[in-house]
file protein-v1.txt (compact mmCIF, C-alpha atoms (C1' of nucleotides))
# COMPACT_ATOMS: atom_id res chain seq x y z
CA MET F 299 28.76 -6.28 48.82
CA THR F 300 27.58 -9.85 48.37
CA THR F 301 24.65 -10.10 46.02
CA LYS F 302 21.45 -12.00 46.67
CA ILE F 303 22.15 -14.34 43.79
CA SER F 304 25.54 -15.13 45.24
CA ILE F 305 24.05 -16.00 48.64
CA ASP F 306 21.35 -18.19 47.14
CA ARG F 307 23.73 -20.01 44.83
CA LYS F 308 26.16 -20.72 47.63
CA LYS F 309 23.39 -22.14 49.76
CA GLU F 310 22.15 -24.21 46.84
CA ILE F 311 25.61 -25.64 46.21
CA ILE F 312 26.26 -26.52 49.84
CA GLU F 313 22.88 -28.21 50.17
CA GLY F 314 23.48 -30.16 46.97
CA PHE F 315 26.86 -31.16 48.31
CA TYR F 316 25.27 -32.36 51.53
CA GLU F 317 22.61 -34.38 49.69
CA LEU F 318 25.19 -36.18 47.56
CA ALA F 319 27.50 -36.77 50.50
CA LYS F 320 24.58 -38.25 52.38
CA GLU F 321 23.77 -40.53 49.46
CA ASN F 322 27.23 -41.58 48.27
CA GLY F 323 29.62 -40.61 51.03
CA LEU F 324 31.74 -37.51 51.43
CA GLU F 325 34.82 -39.05 49.81
CA ASN F 326 32.82 -40.03 46.72
CA THR F 327 31.34 -36.60 46.14
CA SER F 328 33.23 -34.53 43.58
CA ILE F 329 32.68 -31.02 42.31
CA ALA F 330 31.71 -32.41 38.90
CA LYS F 331 29.04 -34.60 40.52
CA ILE F 332 27.63 -31.71 42.51
CA GLY F 333 27.46 -29.69 39.30
CA LYS F 334 25.65 -32.46 37.48
CA HIS F 335 23.26 -32.88 40.40
CA LEU F 336 22.39 -29.19 40.35
CA GLY F 337 22.54 -28.73 36.58
CA MET F 338 25.45 -26.35 36.52
CA PRO F 339 29.04 -26.54 35.27
CA PRO F 340 31.76 -27.28 37.83
CA SER F 341 33.35 -23.96 36.97
CA LEU F 342 30.38 -22.15 38.48
CA ILE F 343 30.86 -23.99 41.74
CA MET F 344 34.50 -22.96 41.75
CA HIS F 345 33.46 -19.40 41.08
CA TYR F 346 31.75 -19.33 44.47
CA PHE F 347 34.09 -21.72 46.28
CA PRO F 348 37.63 -21.25 44.91
CA THR F 349 38.94 -24.57 46.25
CA LYS F 350 37.43 -27.83 47.39
CA GLU F 351 38.85 -27.29 50.84
CA ILE F 352 36.81 -24.12 51.16
CA LEU F 353 33.76 -25.96 49.89
CA ILE F 354 34.15 -28.69 52.52
CA SER F 355 34.73 -26.08 55.17
CA HIS F 356 31.38 -24.50 54.28
CA LEU F 357 29.66 -27.88 54.31
CA ILE F 358 30.90 -28.39 57.84
CA SER F 359 29.64 -25.00 58.96
CA PHE F 360 26.30 -25.88 57.40
CA ILE F 361 26.13 -29.18 59.31
CA LEU F 362 27.17 -27.74 62.64
CA GLU F 363 24.70 -24.87 62.37
CA ARG F 364 21.95 -27.38 61.67
CA LEU F 365 22.93 -29.44 64.65
CA LEU F 366 22.82 -26.45 66.92
CA LYS F 367 19.29 -25.76 65.73
CA ILE F 368 17.89 -28.78 67.51
CA TYR F 369 18.54 -26.99 70.76
CA THR F 370 17.24 -23.52 70.08
CA PRO F 371 13.53 -24.43 70.13
CA ILE F 372 14.04 -25.96 73.56
CA ILE F 373 15.86 -22.92 74.80
CA LYS F 374 13.05 -20.70 73.56
CA GLU F 375 10.47 -22.94 75.20
CA LEU F 376 12.47 -22.65 78.37
CA ARG F 377 12.44 -18.85 78.28
CA VAL F 378 8.68 -18.77 77.93
CA GLN F 379 7.88 -21.29 80.63
CA ASN F 380 10.69 -20.21 82.91
CA TYR F 381 11.08 -23.89 83.67
CA THR F 382 11.68 -27.00 81.69
CA ASP F 383 11.90 -30.52 82.95
CA PRO F 384 15.41 -31.75 82.05
CA HIS F 385 13.85 -35.09 81.19
CA THR F 386 12.19 -33.45 78.22
CA PHE F 387 15.59 -32.35 77.15
CA VAL F 388 17.10 -35.79 77.57
CA ASP F 389 14.25 -37.38 75.65
CA ARG F 390 14.76 -34.92 72.87
CA MET F 391 18.45 -35.65 72.70
CA PHE F 392 17.85 -39.35 72.25
CA SER F 393 14.97 -38.87 69.82
CA ARG F 394 15.11 -39.62 66.11
CA ASP F 395 14.69 -35.94 65.22
CA TRP F 396 18.39 -35.67 65.66
CA ASN F 397 19.11 -38.25 62.99
CA LEU F 398 16.56 -36.64 60.72
CA LEU F 399 18.30 -33.32 61.06
CA ILE F 400 21.73 -34.46 60.04
CA ASP F 401 23.07 -37.64 58.48
CA ASP F 402 25.40 -39.54 60.79
CA GLY F 403 27.59 -40.71 57.92
CA VAL F 404 28.28 -37.18 56.76
CA PHE F 405 28.69 -35.97 60.30
CA TYR F 406 31.34 -38.53 61.25
CA SER F 407 33.11 -38.22 57.88
CA CYS F 408 33.48 -34.51 58.49
CA PHE F 409 34.43 -35.15 62.09
CA SER F 410 37.31 -37.37 61.03
CA LEU F 411 38.83 -34.35 59.28
CA ILE F 412 39.52 -32.60 62.60
CA PHE F 413 42.66 -34.69 63.01
CA ARG F 414 44.44 -33.02 60.10
CA ASN F 415 42.74 -29.64 59.91
CA ASP F 416 42.90 -27.30 62.86
CA ARG F 417 40.22 -24.95 61.62
CA ILE F 418 37.74 -27.79 61.33
CA LYS F 419 38.76 -29.07 64.74
CA LYS F 420 38.16 -25.66 66.26
CA GLU F 421 34.76 -25.46 64.63
CA TYR F 422 33.73 -28.83 66.00
CA ARG F 423 35.07 -27.90 69.42
CA ASN F 424 33.12 -24.66 69.46
CA LEU F 425 29.91 -26.48 68.61
CA HIS F 426 30.39 -28.93 71.44
CA LEU F 427 31.16 -26.18 73.89
CA LYS F 428 28.02 -24.36 72.84
CA LEU F 429 25.95 -27.49 73.28
CA ARG F 430 27.26 -27.88 76.80
CA GLU F 431 26.61 -24.25 77.64
CA ASN F 432 23.06 -24.55 76.37
CA LEU F 433 22.42 -27.59 78.50
CA LYS F 434 23.88 -25.85 81.52
CA GLU F 435 21.42 -23.00 81.01
CA ILE F 436 18.56 -25.43 81.02
CA LEU F 437 19.79 -27.25 84.10
CA ASP F 438 20.19 -23.93 85.89
CA GLN F 439 16.47 -23.34 85.52
CA ASP F 440 15.69 -26.47 87.49
CA GLU F 441 14.91 -25.82 91.15
CA LYS F 442 15.93 -29.34 92.12
CA LEU F 443 19.42 -28.81 90.75
CA LYS F 444 20.02 -25.52 92.51
CA LEU F 445 22.90 -26.80 94.60
CA LYS F 446 24.50 -28.76 91.81
CA ASN F 447 27.54 -28.02 89.67
CA THR F 448 25.53 -27.71 86.48
CA ALA F 449 28.58 -27.12 84.29
CA LEU F 450 30.03 -30.44 85.41
CA LEU F 451 26.67 -32.12 85.11
CA SER F 452 26.26 -30.86 81.56
CA GLU F 453 29.68 -32.23 80.69
CA GLN F 454 28.86 -35.61 82.18
CA ILE F 455 25.52 -35.82 80.44
CA PHE F 456 26.94 -35.02 77.04
CA VAL F 457 29.70 -37.55 77.33
CA VAL F 458 27.02 -40.20 77.76
CA VAL F 459 24.91 -38.81 74.93
CA GLU F 460 27.83 -38.68 72.52
CA GLY F 461 29.14 -42.07 73.53
CA ALA F 462 25.65 -43.45 73.10
CA TYR F 463 25.26 -42.00 69.62
CA TYR F 464 28.58 -43.42 68.59
CA TYR F 465 27.75 -46.87 69.90
CA LEU F 466 24.14 -46.93 68.73
CA SER F 467 25.13 -46.14 65.17
CA MET F 468 26.59 -49.63 64.91
CA ILE F 469 23.41 -51.36 66.01
CA ASP F 470 20.97 -52.41 63.29
CA ASP F 471 18.54 -54.51 65.28
CA GLU F 472 15.60 -52.23 66.13
CA GLU F 473 14.66 -54.01 69.32
CA LEU F 474 18.20 -54.06 70.66
CA TYR F 475 18.59 -50.41 69.69
CA GLU F 476 15.59 -49.34 71.77
CA GLU F 477 16.82 -51.48 74.63
CA LYS F 478 20.16 -49.69 74.64
CA VAL F 479 18.53 -46.28 74.38
CA ILE F 480 16.62 -46.97 77.58
CA ILE F 481 19.83 -47.94 79.35
CA PHE F 482 21.60 -44.74 78.34
CA LYS F 483 18.62 -42.54 79.12
CA ASN F 484 18.52 -44.03 82.60
CA GLN F 485 22.23 -43.43 82.91
CA VAL F 486 21.59 -39.74 82.28
CA TYR F 487 18.65 -39.66 84.68
CA ASP F 488 20.89 -41.17 87.35
CA LEU F 489 23.29 -38.30 86.83
CA LEU F 490 20.46 -35.84 87.40
CA LYS F 491 19.32 -37.65 90.53
CA SER F 492 22.60 -38.22 92.32
CA MET R 123 47.88 -72.99 50.54
CA THR R 124 48.97 -69.45 51.26
CA THR R 125 52.73 -69.02 51.08
CA LYS R 126 54.90 -67.32 53.65
CA ILE R 127 55.86 -64.64 51.17
CA SER R 128 52.24 -63.91 50.51
CA ILE R 129 51.49 -63.49 54.21
CA ASP R 130 54.47 -61.22 54.78
CA ARG R 131 53.75 -59.08 51.75
CA LYS R 132 50.13 -58.62 52.73
CA LYS R 133 51.12 -57.54 56.20
CA GLU R 134 53.74 -55.17 54.77
CA ILE R 135 51.20 -53.58 52.46
CA ILE R 136 48.55 -53.11 55.13
CA GLU R 137 51.05 -51.59 57.53
CA GLY R 138 52.32 -49.26 54.82
CA PHE R 139 48.75 -48.31 54.09
CA TYR R 140 48.17 -47.56 57.75
CA GLU R 141 51.31 -45.44 58.01
CA LEU R 142 50.35 -43.30 55.03
CA ALA R 143 46.73 -42.98 56.17
CA LYS R 144 48.02 -41.83 59.53
CA GLU R 145 50.24 -39.26 57.88
CA ASN R 146 48.04 -37.95 55.08
CA GLY R 147 44.55 -39.17 55.84
CA LEU R 148 42.70 -42.22 54.58
CA GLU R 149 41.04 -40.38 51.69
CA ASN R 150 44.39 -39.13 50.44
CA THR R 151 46.07 -42.51 50.40
CA SER R 152 46.06 -44.19 47.01
CA ILE R 153 47.38 -47.53 45.87
CA ALA R 154 50.06 -45.78 43.83
CA LYS R 155 51.24 -43.89 46.92
CA ILE R 156 51.38 -47.05 48.99
CA GLY R 157 53.43 -48.67 46.25
CA LYS R 158 55.83 -45.77 46.12
CA HIS R 159 56.14 -45.77 49.91
CA LEU R 160 57.02 -49.47 49.92
CA GLY R 161 59.06 -49.47 46.71
CA MET R 162 56.80 -51.74 44.75
CA PRO R 163 54.57 -51.29 41.70
CA PRO R 164 50.85 -50.77 42.34
CA SER R 165 50.16 -53.90 40.34
CA LEU R 166 51.83 -55.97 43.05
CA ILE R 167 49.47 -54.51 45.64
CA MET R 168 46.54 -55.42 43.45
CA HIS R 169 47.92 -58.91 43.09
CA TYR R 170 47.41 -59.43 46.81
CA PHE R 171 44.35 -57.20 47.24
CA PRO R 172 42.27 -57.39 44.04
CA THR R 173 40.28 -54.21 44.76
CA LYS R 174 40.74 -51.17 46.92
CA GLU R 175 37.62 -52.05 48.85
CA ILE R 176 39.24 -55.30 49.90
CA LEU R 177 42.40 -53.42 50.83
CA ILE R 178 40.47 -51.01 53.06
CA SER R 179 38.59 -53.90 54.57
CA HIS R 180 41.90 -55.47 55.59
CA LEU R 181 43.15 -52.19 56.99
CA ILE R 182 40.10 -52.05 59.21
CA SER R 183 40.63 -55.60 60.44
CA PHE R 184 44.22 -54.64 61.19
CA ILE R 185 43.14 -51.62 63.21
CA LEU R 186 40.44 -53.39 65.16
CA GLU R 187 42.73 -56.29 66.02
CA ARG R 188 45.28 -53.83 67.31
CA LEU R 189 42.70 -52.10 69.42
CA LEU R 190 41.59 -55.34 70.97
CA LYS R 191 45.18 -56.01 71.95
CA ILE R 192 45.19 -53.29 74.57
CA TYR R 193 42.88 -55.45 76.64
CA THR R 194 44.50 -58.83 76.40
CA PRO R 195 47.46 -58.05 78.70
CA ILE R 196 45.04 -56.94 81.38
CA ILE R 197 42.96 -60.05 80.98
CA LYS R 198 46.09 -62.17 81.34
CA GLU R 199 47.16 -60.25 84.41
CA LEU R 200 43.73 -60.87 85.81
CA ARG R 201 43.97 -64.62 85.29
CA VAL R 202 47.27 -64.77 87.16
CA GLN R 203 46.26 -62.63 90.11
CA ASN R 204 42.70 -63.90 90.20
CA TYR R 205 41.79 -60.33 91.01
CA THR R 206 42.27 -56.97 89.44
CA ASP R 207 41.21 -53.62 90.73
CA PRO R 208 38.81 -52.18 88.14
CA HIS R 209 40.44 -48.82 88.72
CA THR R 210 43.56 -50.14 87.06
CA PHE R 211 41.44 -50.99 84.13
CA VAL R 212 39.82 -47.58 84.00
CA ASP R 213 43.19 -45.87 84.26
CA ARG R 214 44.47 -47.97 81.42
CA MET R 215 41.49 -47.08 79.26
CA PHE R 216 42.11 -43.38 79.66
CA SER R 217 45.86 -43.66 79.27
CA ARG R 218 47.82 -42.48 76.27
CA ASP R 219 48.86 -46.02 75.35
CA TRP R 220 45.59 -46.22 73.57
CA ASN R 221 46.42 -43.31 71.29
CA LEU R 222 49.85 -44.71 70.72
CA LEU R 223 48.38 -47.99 69.62
CA ILE R 224 46.12 -46.62 66.95
CA ASP R 225 45.80 -43.24 65.29
CA ASP R 226 42.49 -41.56 66.04
CA GLY R 227 42.27 -39.97 62.61
CA VAL R 228 42.52 -43.32 60.85
CA PHE R 229 40.20 -44.93 63.35
CA TYR R 230 37.39 -42.39 62.89
CA SER R 231 37.88 -42.23 59.12
CA CYS R 232 37.37 -45.97 58.97
CA PHE R 233 34.50 -45.74 61.43
CA SER R 234 32.68 -43.28 59.18
CA LEU R 235 32.54 -46.02 56.53
CA ILE R 236 30.13 -48.12 58.62
CA PHE R 237 27.24 -45.99 57.42
CA ARG R 238 27.52 -47.23 53.85
CA ASN R 239 29.14 -50.61 54.27
CA ASP R 240 27.40 -53.29 56.29
CA ARG R 241 30.41 -55.58 56.53
CA ILE R 242 32.50 -52.81 58.05
CA LYS R 243 29.67 -51.91 60.38
CA LYS R 244 29.42 -55.50 61.55
CA GLU R 245 33.16 -55.63 62.15
CA TYR R 246 33.11 -52.48 64.25
CA ARG R 247 30.08 -53.75 66.14
CA ASN R 248 31.78 -57.06 66.91
CA LEU R 249 34.81 -55.28 68.29
CA HIS R 250 32.71 -53.15 70.59
CA LEU R 251 30.76 -56.15 71.81
CA LYS R 252 34.02 -57.95 72.55
CA LEU R 253 35.35 -54.96 74.46
CA ARG R 254 32.25 -54.95 76.61
CA GLU R 255 32.44 -58.68 77.24
CA ASN R 256 36.06 -58.36 78.26
CA LEU R 257 35.26 -55.61 80.73
CA LYS R 258 32.39 -57.64 82.13
CA GLU R 259 34.80 -60.52 82.79
CA ILE R 260 37.05 -58.21 84.71
CA LEU R 261 34.21 -56.73 86.72
CA ASP R 262 32.98 -60.22 87.55
CA GLN R 263 36.28 -60.91 89.32
CA ASP R 264 35.64 -58.05 91.73
CA GLU R 265 34.18 -59.18 95.06
CA LYS R 266 32.67 -55.77 95.69
CA LEU R 267 30.63 -55.99 92.51
CA LYS R 268 29.25 -59.45 93.20
CA LEU R 269 25.63 -58.33 93.42
CA LYS R 270 25.86 -55.97 90.46
CA ASN R 271 24.65 -56.35 86.90
CA THR R 272 28.12 -56.34 85.44
CA ALA R 273 26.91 -56.56 81.84
CA LEU R 274 24.95 -53.35 82.31
CA LEU R 275 27.80 -51.75 84.18
CA SER R 276 30.22 -52.60 81.40
CA GLU R 277 27.88 -51.02 78.87
CA GLN R 278 27.56 -47.87 80.98
CA ILE R 279 31.29 -47.57 81.51
CA PHE R 280 32.09 -47.92 77.84
CA VAL R 281 29.58 -45.33 76.78
CA VAL R 282 31.43 -42.86 78.99
CA VAL R 283 34.83 -43.97 77.72
CA GLU R 284 33.81 -43.72 74.09
CA GLY R 285 32.03 -40.41 74.55
CA ALA R 286 35.10 -39.12 76.36
CA TYR R 287 37.45 -40.18 73.59
CA TYR R 288 35.27 -38.51 71.02
CA TYR R 289 35.07 -35.27 72.97
CA LEU R 290 38.70 -35.21 74.10
CA SER R 291 39.94 -35.54 70.54
CA MET R 292 38.76 -31.98 69.91
CA ILE R 293 40.69 -30.52 72.82
CA ASP R 294 44.19 -29.24 72.13
CA ASP R 295 44.96 -27.49 75.39
CA GLU R 296 46.97 -29.95 77.50
CA GLU R 297 45.84 -28.61 80.85
CA LEU R 298 42.18 -28.58 79.91
CA TYR R 299 42.57 -32.07 78.47
CA GLU R 300 43.86 -33.48 81.75
CA GLU R 301 41.13 -31.66 83.62
CA LYS R 302 38.47 -33.31 81.50
CA VAL R 303 40.07 -36.74 81.82
CA ILE R 304 39.77 -36.51 85.60
CA ILE R 305 36.11 -35.64 85.29
CA PHE R 306 35.37 -38.62 83.08
CA LYS R 307 37.44 -41.00 85.17
CA ASN R 308 35.46 -39.95 88.22
CA GLN R 309 32.28 -40.44 86.28
CA VAL R 310 33.31 -44.05 85.70
CA TYR R 311 34.34 -44.53 89.34
CA ASP R 312 30.91 -43.27 90.38
CA LEU R 313 29.36 -45.96 88.24
CA LEU R 314 31.44 -48.57 90.05
CA LYS R 315 30.50 -47.19 93.45
CA SER R 316 26.76 -46.73 93.10
C1' DA O 284 66.13 -81.08 35.86
C1' DA O 285 61.60 -80.19 33.98
C1' DA O 286 57.20 -78.51 34.87
C1' DT O 287 54.24 -75.79 37.48
C1' DA O 288 52.90 -72.21 40.50
C1' DT O 289 53.73 -67.90 42.54
C1' DA O 290 55.92 -63.33 42.79
C1' DT O 291 57.20 -59.23 40.60
C1' DT O 292 57.73 -55.88 37.07
C1' DG O 293 56.53 -51.93 34.14
C1' DA O 294 53.78 -50.02 30.79
C1' DA O 295 49.27 -48.83 29.65
C1' DC O 296 44.09 -48.11 30.17
C1' DG O 297 40.02 -45.03 30.41
C1' DA O 298 37.77 -42.49 34.04
C1' DT O 299 37.61 -39.00 36.98
C1' DC O 300 39.72 -35.52 39.73
C1' DA O 301 40.22 -30.31 41.02
C1' DT O 302 41.19 -26.39 38.65
C1' DT O 303 41.87 -22.71 34.83
C1' DC O 304 40.38 -19.66 31.33
C1' DA O 305 38.40 -17.10 27.81
C1' DA O 306 33.93 -16.07 26.06
C1' DT O 307 29.21 -14.82 26.72
C1' DA O 308 25.01 -13.62 29.19
C1' DT O 309 22.80 -11.18 32.73
C1' DT O 310 22.27 -7.76 36.22
C1' DA O 311 23.43 -3.50 38.68
C1' DT O 312 25.33 1.08 38.58
C1' DA O 313 26.40 5.46 36.49
C1' DT C 112 21.28 4.12 27.81
C1' DA C 113 26.21 3.28 28.36
C1' DT C 114 29.38 1.21 31.54
C1' DA C 115 30.89 -1.70 34.87
C1' DA C 116 30.32 -5.72 37.73
C1' DT C 117 28.73 -10.18 38.34
C1' DA C 118 26.92 -14.65 36.78
C1' DT C 119 27.24 -18.41 33.79
C1' DT C 120 28.92 -21.32 30.22
C1' DG C 121 31.72 -24.94 28.06
C1' DA C 122 35.94 -26.54 26.68
C1' DA C 123 40.44 -27.75 28.15
C1' DT C 124 44.25 -28.64 31.46
C1' DG C 125 47.59 -31.97 33.66
C1' DA C 126 47.47 -35.00 37.57
C1' DT C 127 46.01 -38.85 39.70
C1' DC C 128 42.81 -42.47 40.33
C1' DG C 129 41.90 -47.78 40.43
C1' DT C 130 42.67 -51.42 37.51
C1' DT C 131 44.40 -54.59 33.65
C1' DC C 132 47.75 -57.28 31.29
C1' DA C 133 51.47 -59.47 29.25
C1' DA C 134 56.19 -60.43 30.27
C1' DT C 135 59.76 -61.92 33.31
C1' DA C 136 61.81 -63.57 37.51
C1' DT C 137 61.79 -66.61 41.38
C1' DA C 138 60.26 -70.43 44.13
C1' DT C 139 57.96 -74.91 44.66
C1' DT C 140 56.61 -79.35 43.24
C1' DT C 141 57.12 -83.35 40.34
call {"tool": "encode", "arguments": {"input": "protein-v1.txt", "output": "structure tokens"}}
result
Amino acid sequence: MTTKISIDRKKEIIEGFYELAKENGLENTSIAKIGKHLGMPPSLIMHYFPTKEILISHLISFILERLLKIYTPIIKELRVQNYTDPHTFVDRMFSRDWNLLIDDGVFYSCFSLIFRNDRIKKEYRNLHLKLRENLKEILDQDEKLKLKNTALLSEQIFVVVEGAYYYLSMIDDEELYEEKVIIFKNQVYDLLKS
Amino acid sequence: MTTKISIDRKKEIIEGFYELAKENGLENTSIAKIGKHLGMPPSLIMHYFPTKEILISHLISFILERLLKIYTPIIKELRVQNYTDPHTFVDRMFSRDWNLLIDDGVFYSCFSLIFRNDRIKKEYRNLHLKLRENLKEILDQDEKLKLKNTALLSEQIFVVVEGAYYYLSMIDDEELYEEKVIIFKNQVYDLLKS
DNA sequence: AAATATATTGAACGATCATTCAATATTATA
DNA sequence: TATAATATTGAATGATCGTTCAATATATTT
């Protein structure tokens, strides 16, 4: 039986890890630093997470769960209204809430680990499959899309969204950024129209 | 005046760095390991690259230059023929040559550094702008696209390509992988048609 | 050939890394 | 309340990190 203290401490450690990784980068965040940040000895961290690999693995689960959360309120909304304009969904996907929810630097640092860790790769894959399934559900509610292959559509939409996020993360100029966002939003709308 | 030896050594070191990063991950590749791999003391590496930050910066330049090289043969081909079917270009972009040219793990590891290093971010941004300009040039040669906004089209195509590469890197199943590639290729063809 | 510049070596630095362990404090169970 | 389980501490481990430096070898210039 896992105690309440154990659960709380684990959560505390992972969140502290995330905060430091966000501030200094994943590769610059050590167990000693996390301990200092949280006011506990490194040995306590290792009591709950026996190796750093396990610790990182939990950080990734934490991030991916958070990311999934941006969708659940929309899904709920959808269930209540029995209809949701897909444009609302698209707007939400390109909104800044997303960035607020999870730091891009940490996200991509963790992502880059998929290439040498199959468990992490699988976890990332599962998230992306879930995201696509969720979008499909939403599209299926739309009368106008009744004859469409919504699974395919969902796939096509996400490839634009993910490509856009990747590309936009390199752009500093605010004006240019907004300009590009409009382009990619329209690209998604075109997919919904065609 | 930079000597020939100096140039060769620098290249040797960067390539050794790349090889080890490909094998063990960027974050697990130290100067000592590079030295061991190349049979030279770490102090020699630091003679040519005074800090590790500078070394990483050169690795990134190396990678991005390599990536750009996948386009130049097509551009040349285009100049000779005075016409190139954009489909050839699209096929090339989704081909495995790309992966052969540069390791995805190293590429994304380096990419994740843009979020805390403005010089690296700028370098990545410049590459992506160049890629788009190159594609625009190619599209401009196509008679059928004469009335099109080729700059916009290039942007839209690349967002699909980059989103696809991101997503496909999570997929292990060969059959599923090929299935998805077809979807994304068609998505690009649709952009060229519309 | 002498003088100068560059290339290369190998040992050493303190800092930090993930991890271990035995001791103590706290909490839960009997 | 006694016993057992868990939580927490702090010191210590060897390994590895990036970096420095003085010495030597090799190449280039005068």
call {"tool": "closest_residue", "arguments": {"input": "protein-v1.txt", "among": "C:DA136, C:DT117, C:DG129, C:DT141", "to": "chain F", "atoms": "all atoms listed in the file"}}
result
C:DT117
call {"tool": "residues_around", "arguments": {"input": "protein-v1.txt", "residues": "DA288 (chain O)", "least_positions_apart": "5", "cutoff": "12 Å", "atoms": "only C-alpha atoms (C1' of nucleotides)", "output": "ChimeraX atom specification"}}
result
/R:123-125 /C:137-141
call {"tool": "write_last_selection", "arguments": {"input": "protein-v1.txt", "atoms": "C-alpha atoms (C1' of nucleotides)", "output": "short mmCIF file (atom, residue, chain, number, x, y, z; two decimals), keeping the file's coordinate frame"}}
result
data_model
loop_
_atom_site.label_atom_id
_atom_site.label_comp_id
_atom_site.auth_asym_id
_atom_site.auth_seq_id
_atom_site.Cartn_x
_atom_site.Cartn_y
_atom_site.Cartn_z
CA MET R 123 47.88 -72.99 50.54
CA THR R 124 48.97 -69.45 51.26
CA THR R 125 52.73 -69.02 51.08
"C1'" DT C 137 61.79 -66.61 41.38
"C1'" DA C 138 60.26 -70.43 44.13
"C1'" DT C 139 57.96 -74.91 44.66
"C1'" DT C 140 56.61 -79.35 43.24
"C1'" DT C 141 57.12 -83.35 40.34
#
call {"tool": "residues_near_point", "arguments": {"input": "protein-v1.txt", "point": "(38.1, -55.0, 56.0)", "cutoff": "12 Å", "atoms": "all atoms listed in the file", "output": "list in words"}}
result
Ile136, Phe171, Thr173, Lys174, Glu175, Ile176, Leu177, Ile178, Ser179, His180, Leu181, Ile182, Ser183, Phe184, Ile185, Leu186, Glu187, Cys232, Phe233, Leu235, Ile236, Asn239, Asp240, Arg241, Ile242, Lys243, Lys244, Glu245 and Tyr246 of chain R
call {"tool": "atom_distance", "arguments": {"input": "protein-v1.txt", "atom1": "CA of Thr194 (chain R)", "atom2": "CA of Tyr140 (chain R)"}}
result
22.1 Å
call {"tool": "closest_residue", "arguments": {"input": "protein-v1.txt", "among": "R:Ala154, R:Ser165, R:Ile135, R:His159", "to": "DA290 (chain O)", "atoms": "only C-alpha atoms (C1' of nucleotides)"}}
result
R:Ser165
call {"tool": "interface_residues", "arguments": {"input": "protein-v1.txt", "of": "chain O", "to": "chain R", "cutoff": "8 Å", "atoms": "all atoms listed in the file", "output": "PyMOL selection string"}}
result
chain O and resi 291-293
call {"tool": "closest_residue", "arguments": {"input": "protein-v1.txt", "among": "F:Asp440, F:Lys309, F:Lys434, F:Gly337", "to": "chain C", "atoms": "all atoms listed in the file"}}
result
F:Gly337
call {"tool": "closest_atom_pairs", "arguments": {"input": "protein-v1.txt", "of": "chain R", "to": "chain F", "cutoff": "7 Å", "atoms": "all atoms listed in the file", "output": "tab-separated table"}}
result
residue	atom	partner	partner_atom	distance
R:Glu149	CA	F:Glu325	CA	6.6
R:Gly227	CA	F:Phe413	CA	5.3
R:Tyr230	CA	F:Ser410	CA	5.4
R:Ser231	CA	F:Ser410	CA	5.3
R:Ser234	CA	F:Ser407	CA	5.2
R:Phe237	CA	F:Gly403	CA	5.3
R:Lys243	CA	F:Met468	CA	5.9
R:Arg247	CA	F:Met468	CA	5.5
R:Val281	CA	F:Gly461	CA	4.6
R:Val282	CA	F:Val458	CA	5.3
R:Glu284	CA	F:Gly461	CA	5.0
R:Gly285	CA	F:Gly461	CA	3.5
R:Ala286	CA	F:Val457	CA	5.7
R:Met292	CA	F:Arg423	CA	5.5
call {"tool": "write_last_selection", "arguments": {"input": "protein-v1.txt", "atoms": "C-alpha atoms", "output": "short mmCIF file (atom, residue, chain, number, x, y, z; two decimals), in the frame of the given file"}}
result
data_model
loop_
_atom_site.label_atom_id
_atom_site.label_comp_id
_atom_site.auth_asym_id
_atom_site.auth_seq_id
_atom_site.Cartn_x
_atom_site.Cartn_y
_atom_site.Cartn_z
CA GLU R 149 41.04 -40.38 51.69
CA GLY R 227 42.27 -39.97 62.61
CA TYR R 230 37.39 -42.39 62.89
CA SER R 231 37.88 -42.23 59.12
CA SER R 234 32.68 -43.28 59.18
CA PHE R 237 27.24 -45.99 57.42
CA LYS R 243 29.67 -51.91 60.38
CA ARG R 247 30.08 -53.75 66.14
CA VAL R 281 29.58 -45.33 76.78
CA VAL R 282 31.43 -42.86 78.99
CA GLU R 284 33.81 -43.72 74.09
CA GLY R 285 32.03 -40.41 74.55
CA ALA R 286 35.10 -39.12 76.36
CA MET R 292 38.76 -31.98 69.91
#
call {"tool": "closest_atom_pairs", "arguments": {"input": "protein-v1.txt", "of": "chain C", "to": "chain F", "cutoff": "10 Å", "atoms": "all atoms listed in the file", "output": "CSV"}}
result
residue,atom,partner,partner_atom,distance
C:DT117,C1',F:Thr301,CA,8.7
C:DA118,C1',F:Leu342,CA,8.4
C:DT119,C1',F:Leu342,CA,6.8
C:DT120,C1',F:Pro339,CA,7.3
C:DG121,C1',F:Pro339,CA,7.9
call {"tool": "closest_residue", "arguments": {"input": "protein-v1.txt", "among": "O:DA285, O:DA305, O:DA298, O:DA311", "to": "DA123 (chain C)", "atoms": "only C-alpha atoms (C1' of nucleotides)"}}
result
O:DA305
call {"tool": "atom_distance", "arguments": {"input": "protein-v1.txt", "atom1": "CA of Asp471 (chain F)", "atom2": "CA of Asp389 (chain F)"}}
result
20.5 Å
call {"tool": "atom_distance", "arguments": {"input": "protein-v1.txt", "atom1": "C1' of DA306 (chain O)", "atom2": "CA of Lys308 (chain F)"}}
result
23.4 Å
